[in-house]
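A.B. asks: Handing you this structure, nothing more for now.
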Amino acid sequence: MTHTSGTTPTVIGRRTVLIATGATAVSLAVAAAPEAPTAEAADPAPVAAAAVCTLTKEMTEGPYYLDGQLVRADISEDKTGIPLQLTLTVVDDSTCAPLNSALVEIWHCDALGEYSGFVGNNGHDEPDNGTFLRGGVLTGPDGVARITSVYPGWYRGRCVHIHVKVHTDVTLTDDGSFTGGQELHTGQLFFDETITTRVAALAVYAANTVPRTTLAQDSIYDDGGAASGLLTLTALGSSPSAGYAGALTLGVES
């Protein structure tokens, strides 16, 4: 089973942000605790604000970030891969209270390890519209941001991961993007190696010709579990091809 979307991206503008934390700064995260998986439930339940906070290092932005991402809940566009339903809950680091109207943006590579805007860097030739698998969404009063994508592939030297930023006080623009605000957190989301091994065996991922770096071999993930961005994953069906729901609660210094 593959996931596709017919959404046509609009032309996007550039945006600027005020950096609130440095590359080596720290933020807080709370371990997620989703409900038991069901084939019908697309989103795990958000974590209660009373959960115990855990200190988490910020992770590098990496070389593939692009300004001007679209504000949209489904970033998959027409990329093939198994479904991934993300539930990311943003809370204040000092109180664990949900943060409303925070913009959570993510970006990651496709099944072949290629990033939009940089296709070819992982050795594969495919169309590049500069927007696939990039975008963000505003949290609601419960601090939850739900984003639909596909399970990422991998590129040379890195394990499977997703990049994430959290902004506050942004202004939505007519071209579907955003401007201004404060950048509170830059991090990465990681995937359980047992699940990734199953996903990597599926045909659409096995077509990636680059050797896969495991979580244990990765130079950035530090084996810190949820404190370092490890998602809680639940199956959406009885086989890996049905996809997964992923949850994590991020604490930010607001």
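As shown in the structure tokens, the chain order sets the letters A, B, ...; within each chain, residues go from 1, and ligands are also counted from 1 in the order they appear.
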Compile a residue-level contact table for segment 77-184 of chain A against segment 234-254 of chain A at a cut-off of 9 Å, reporting for every qualifying residue the shortest atom pair and its distance in Å to one decimal, with only C-alpha atoms counted, rows ordered by chain and ascending number, as a tab-separated table.

C.D. replies:
```
residue	atom	partner	partner_atom	distance
A:Gly81	CA	A:Ser241	CA	8.4
A:Ile82	CA	A:Gly243	CA	4.9
A:Pro83	CA	A:Gly243	CA	4.5
A:Leu84	CA	A:Tyr244	CA	5.2
A:Gln85	CA	A:Ala245	CA	4.5
A:Leu86	CA	A:Gly246	CA	4.8
A:Thr87	CA	A:Ala247	CA	4.8
A:Leu88	CA	A:Leu248	CA	5.2
A:Thr89	CA	A:Thr249	CA	4.4
A:Val90	CA	A:Leu250	CA	4.9
A:Val91	CA	A:Gly251	CA	4.7
A:Asp92	CA	A:Val252	CA	5.4
A:Asp93	CA	A:Gly251	CA	4.7
A:Ser94	CA	A:Glu253	CA	7.4
A:Cys96	CA	A:Gly251	CA	7.0
A:Pro98	CA	A:Gly251	CA	9.0
A:Leu99	CA	A:Ser254	CA	8.5
A:Val144	CA	A:Thr249	CA	8.6
A:Val150	CA	A:Gly243	CA	8.1
A:Tyr151	CA	A:Gly243	CA	7.6
A:Val166	CA	A:Val252	CA	8.1
A:Thr168	CA	A:Ser254	CA	8.2
A:Leu184	CA	A:Val252	CA	6.3
```

A.B. asks: Could you check which of A:Ala226, A:Cys159, A:Leu172, A:Ala206 is closest to Glu193 of chain A, using only C-alpha atoms?

C.D. replies: A:Cys159

A.B. asks: Restricting the calculation to only C-alpha atoms: of A:Leu112, A:Gly229, A:Asp74, A:Gly123, which residue gets closest to Arg146 of chain A?

C.D. replies: A:Asp74

A.B. asks: Find, counting only C-alpha atoms, the residue in A:Thr139, A:Thr179, A:Thr186, A:Asn129 that gets nearest to Ile162 of chain A.

C.D. replies: A:Thr186

A.B. asks: So that I can see what lies close to Ala207 of chain A, please list as number ranges by chain the residues with an atom at most 12 Å from it, counting only C-alpha atoms and leaving out residues fewer than 3 positions away in the same chain.

C.D. replies: A: 80-81, 110-113, 123-124, 153-154, 199-204, 210-212

A.B. asks: Given the selection you just returned, output its residues as a file containing all heavy atoms, formatted as a short mmCIF file (atom, residue, chain, number, x, y, z; two decimals), in the first residue's frame.

C.D. replies:
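Result saved to result_2.cif:
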```cif
data_model
loop_
_atom_site.label_atom_id
_atom_site.label_comp_id
_atom_site.auth_asym_id
_atom_site.auth_seq_id
_atom_site.Cartn_x
_atom_site.Cartn_y
_atom_site.Cartn_z
N THR A 80 5.41 8.51 -3.12
CA THR A 80 5.03 7.16 -2.72
C THR A 80 5.77 6.78 -1.44
O THR A 80 6.84 7.30 -1.13
CB THR A 80 5.36 6.14 -3.82
OG1 THR A 80 6.76 6.23 -4.14
CG2 THR A 80 4.55 6.42 -5.07
N GLY A 81 5.16 5.86 -0.70
CA GLY A 81 5.71 5.42 0.58
C GLY A 81 4.55 5.06 1.48
O GLY A 81 3.39 5.32 1.16
N ASP A 110 12.52 11.64 0.89
CA ASP A 110 11.54 10.66 0.43
C ASP A 110 12.12 9.24 0.54
O ASP A 110 13.18 9.04 1.13
CB ASP A 110 11.08 10.99 -0.99
CG ASP A 110 12.20 10.89 -2.03
OD1 ASP A 110 13.31 10.41 -1.71
OD2 ASP A 110 11.96 11.28 -3.19
N ALA A 111 11.41 8.27 -0.01
CA ALA A 111 11.83 6.88 0.11
C ALA A 111 13.20 6.62 -0.51
O ALA A 111 13.92 5.70 -0.08
CB ALA A 111 10.78 5.96 -0.54
N LEU A 112 13.59 7.44 -1.48
CA LEU A 112 14.88 7.28 -2.13
C LEU A 112 15.97 8.12 -1.46
O LEU A 112 17.10 8.18 -1.95
CB LEU A 112 14.78 7.65 -3.61
CG LEU A 112 13.89 6.75 -4.46
CD1 LEU A 112 13.85 7.27 -5.90
CD2 LEU A 112 14.39 5.30 -4.43
N GLY A 113 15.64 8.77 -0.36
CA GLY A 113 16.63 9.56 0.36
C GLY A 113 16.88 10.92 -0.24
O GLY A 113 17.89 11.57 0.08
N GLY A 123 21.91 10.42 -5.16
CA GLY A 123 22.21 9.55 -6.29
C GLY A 123 21.04 9.06 -7.10
O GLY A 123 21.20 8.18 -7.95
N HIS A 124 19.85 9.62 -6.87
CA HIS A 124 18.67 9.18 -7.61
C HIS A 124 18.11 10.33 -8.45
O HIS A 124 18.15 11.49 -8.04
CB HIS A 124 17.60 8.66 -6.66
CG HIS A 124 18.07 7.55 -5.77
ND1 HIS A 124 18.60 7.79 -4.51
CD2 HIS A 124 18.09 6.21 -5.95
CE1 HIS A 124 18.94 6.63 -3.97
NE2 HIS A 124 18.64 5.66 -4.80
N GLY A 153 12.74 7.80 3.93
CA GLY A 153 13.82 6.89 3.58
C GLY A 153 15.09 7.32 4.29
O GLY A 153 15.06 7.87 5.38
N TRP A 154 16.22 7.10 3.65
CA TRP A 154 17.51 7.44 4.27
C TRP A 154 18.48 7.91 3.20
O TRP A 154 18.32 7.63 2.01
CB TRP A 154 18.09 6.23 5.01
CG TRP A 154 18.32 5.04 4.09
CD1 TRP A 154 19.45 4.72 3.39
CD2 TRP A 154 17.35 4.04 3.75
NE1 TRP A 154 19.25 3.58 2.65
CE2 TRP A 154 17.98 3.14 2.85
CE3 TRP A 154 16.02 3.79 4.13
CZ2 TRP A 154 17.32 2.03 2.32
CZ3 TRP A 154 15.37 2.70 3.60
CH2 TRP A 154 16.01 1.82 2.72
N VAL A 199 10.15 -1.65 7.36
CA VAL A 199 9.78 -0.72 6.30
C VAL A 199 10.80 -0.75 5.17
O VAL A 199 10.43 -0.72 3.99
CB VAL A 199 9.65 0.71 6.88
CG1 VAL A 199 9.45 1.73 5.76
CG2 VAL A 199 8.51 0.78 7.89
N ALA A 200 12.07 -0.84 5.50
CA ALA A 200 13.12 -0.82 4.49
C ALA A 200 13.05 -2.01 3.55
O ALA A 200 13.59 -1.97 2.44
CB ALA A 200 14.50 -0.79 5.17
N ALA A 201 12.37 -3.08 3.97
CA ALA A 201 12.25 -4.27 3.13
C ALA A 201 11.14 -4.12 2.07
O ALA A 201 11.09 -4.90 1.12
CB ALA A 201 11.96 -5.49 3.99
N LEU A 202 10.26 -3.12 2.23
CA LEU A 202 9.21 -2.90 1.25
C LEU A 202 9.80 -2.38 -0.06
O LEU A 202 10.80 -1.66 -0.06
CB LEU A 202 8.19 -1.89 1.79
CG LEU A 202 7.48 -2.30 3.09
CD1 LEU A 202 6.61 -1.15 3.60
CD2 LEU A 202 6.64 -3.56 2.88
N ALA A 203 9.18 -2.74 -1.17
CA ALA A 203 9.75 -2.47 -2.49
C ALA A 203 10.10 -1.01 -2.72
O ALA A 203 11.17 -0.69 -3.25
CB ALA A 203 8.80 -2.97 -3.57
N VAL A 204 9.20 -0.09 -2.33
CA VAL A 204 9.43 1.33 -2.61
C VAL A 204 10.65 1.85 -1.87
O VAL A 204 11.34 2.76 -2.35
CB VAL A 204 8.17 2.16 -2.25
CG1 VAL A 204 7.87 2.11 -0.77
CG2 VAL A 204 8.32 3.59 -2.75
N VAL A 210 21.36 3.43 -1.72
CA VAL A 210 22.38 3.85 -0.75
C VAL A 210 22.31 2.96 0.49
O VAL A 210 21.23 2.70 1.01
CB VAL A 210 22.16 5.32 -0.36
CG1 VAL A 210 23.07 5.74 0.79
CG2 VAL A 210 22.39 6.22 -1.56
N PRO A 211 23.46 2.48 0.99
CA PRO A 211 23.45 1.68 2.22
C PRO A 211 22.82 2.45 3.37
O PRO A 211 23.04 3.65 3.54
CB PRO A 211 24.93 1.41 2.48
CG PRO A 211 25.59 1.57 1.15
CD PRO A 211 24.81 2.62 0.43
N ARG A 212 22.02 1.75 4.19
CA ARG A 212 21.31 2.40 5.28
C ARG A 212 22.15 2.45 6.55
O ARG A 212 22.70 1.45 6.98
CB ARG A 212 19.98 1.67 5.56
CG ARG A 212 19.11 2.38 6.59
CD ARG A 212 17.73 1.78 6.64
NE ARG A 212 17.72 0.42 7.17
CZ ARG A 212 17.70 0.14 8.48
NH1 ARG A 212 17.72 1.11 9.38
NH2 ARG A 212 17.67 -1.11 8.87
#
```

A.B. asks: Quick one: pull the distance between atom CA of Val160 of chain A and atom CA of Cys109 of chain A, Å, one decimal.

C.D. replies: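 Straight-line distance from atom CA of Val160 of chain A to atom CA of Cys109 of chain A works out to 8.8 Å.
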
A.B. asks: To test your reading of the structure, identify every residue in segment 15-237 of chain A that backbone DSSP assigns to strand (DSSP E or B), and report it as a PyMOL selection string.

C.D. replies: chain A and resi 18-19+26-30+53-57+71+74+83-92+98+103-107+134-138+144-150+161-168+171-172+178-179+182-190+230+232-235

A.B. asks: Within 12 Å of Thr214 of chain A, counting only C-alpha atoms, which residues show up once you throw out same-chain ones fewer than 5 positions away? Write them as a JSON list (two decimals) with C-alpha atoms, in the first residue's frame, please.

C.D. replies:
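Output file selection09.json is given in full below:
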```json
[["chain", "number", "residue", "atom", "x", "y", "z"],
["A", 153, "GLY", "CA", 13.82, 6.89, 3.58],
["A", 154, "TRP", "CA", 17.51, 7.44, 4.27],
["A", 155, "TYR", "CA", 20.53, 9.06, 2.71],
["A", 156, "ARG", "CA", 24.24, 8.37, 2.95],
["A", 157, "GLY", "CA", 25.63, 8.60, 6.48],
["A", 158, "ARG", "CA", 22.36, 9.27, 8.34],
["A", 159, "CYS", "CA", 19.70, 7.09, 9.93],
["A", 160, "VAL", "CA", 16.01, 7.58, 9.14],
["A", 161, "HIS", "CA", 14.88, 10.89, 10.66],
["A", 190, "PHE", "CA", 13.86, 9.42, 15.05],
["A", 191, "PHE", "CA", 12.36, 6.00, 14.35],
["A", 192, "ASP", "CA", 12.63, 2.66, 16.14],
["A", 193, "GLU", "CA", 15.16, 0.48, 14.32],
["A", 194, "THR", "CA", 13.02, -2.66, 14.42],
["A", 195, "ILE", "CA", 10.19, -0.89, 12.61],
["A", 196, "THR", "CA", 12.53, 0.80, 10.14],
["A", 197, "THR", "CA", 14.02, -2.59, 9.23],
["A", 200, "ALA", "CA", 13.12, -0.82, 4.49],
["A", 219, "SER", "CA", 26.48, 10.34, 14.42],
["A", 220, "ILE", "CA", 23.73, 12.64, 15.74],
["A", 221, "TYR", "CA", 21.24, 10.46, 17.63],
["A", 223, "ASP", "CA", 20.56, 6.92, 22.32]]
```

A.B. asks: Would you list, as an MDAnalysis selection string, the residues of segment 88-248 of chain A that end up in helix (DSSP H, G or I) under DSSP run on this structure's backbone?

C.D. replies: chainID A and resid 193:200 203:206 225:228 240:242
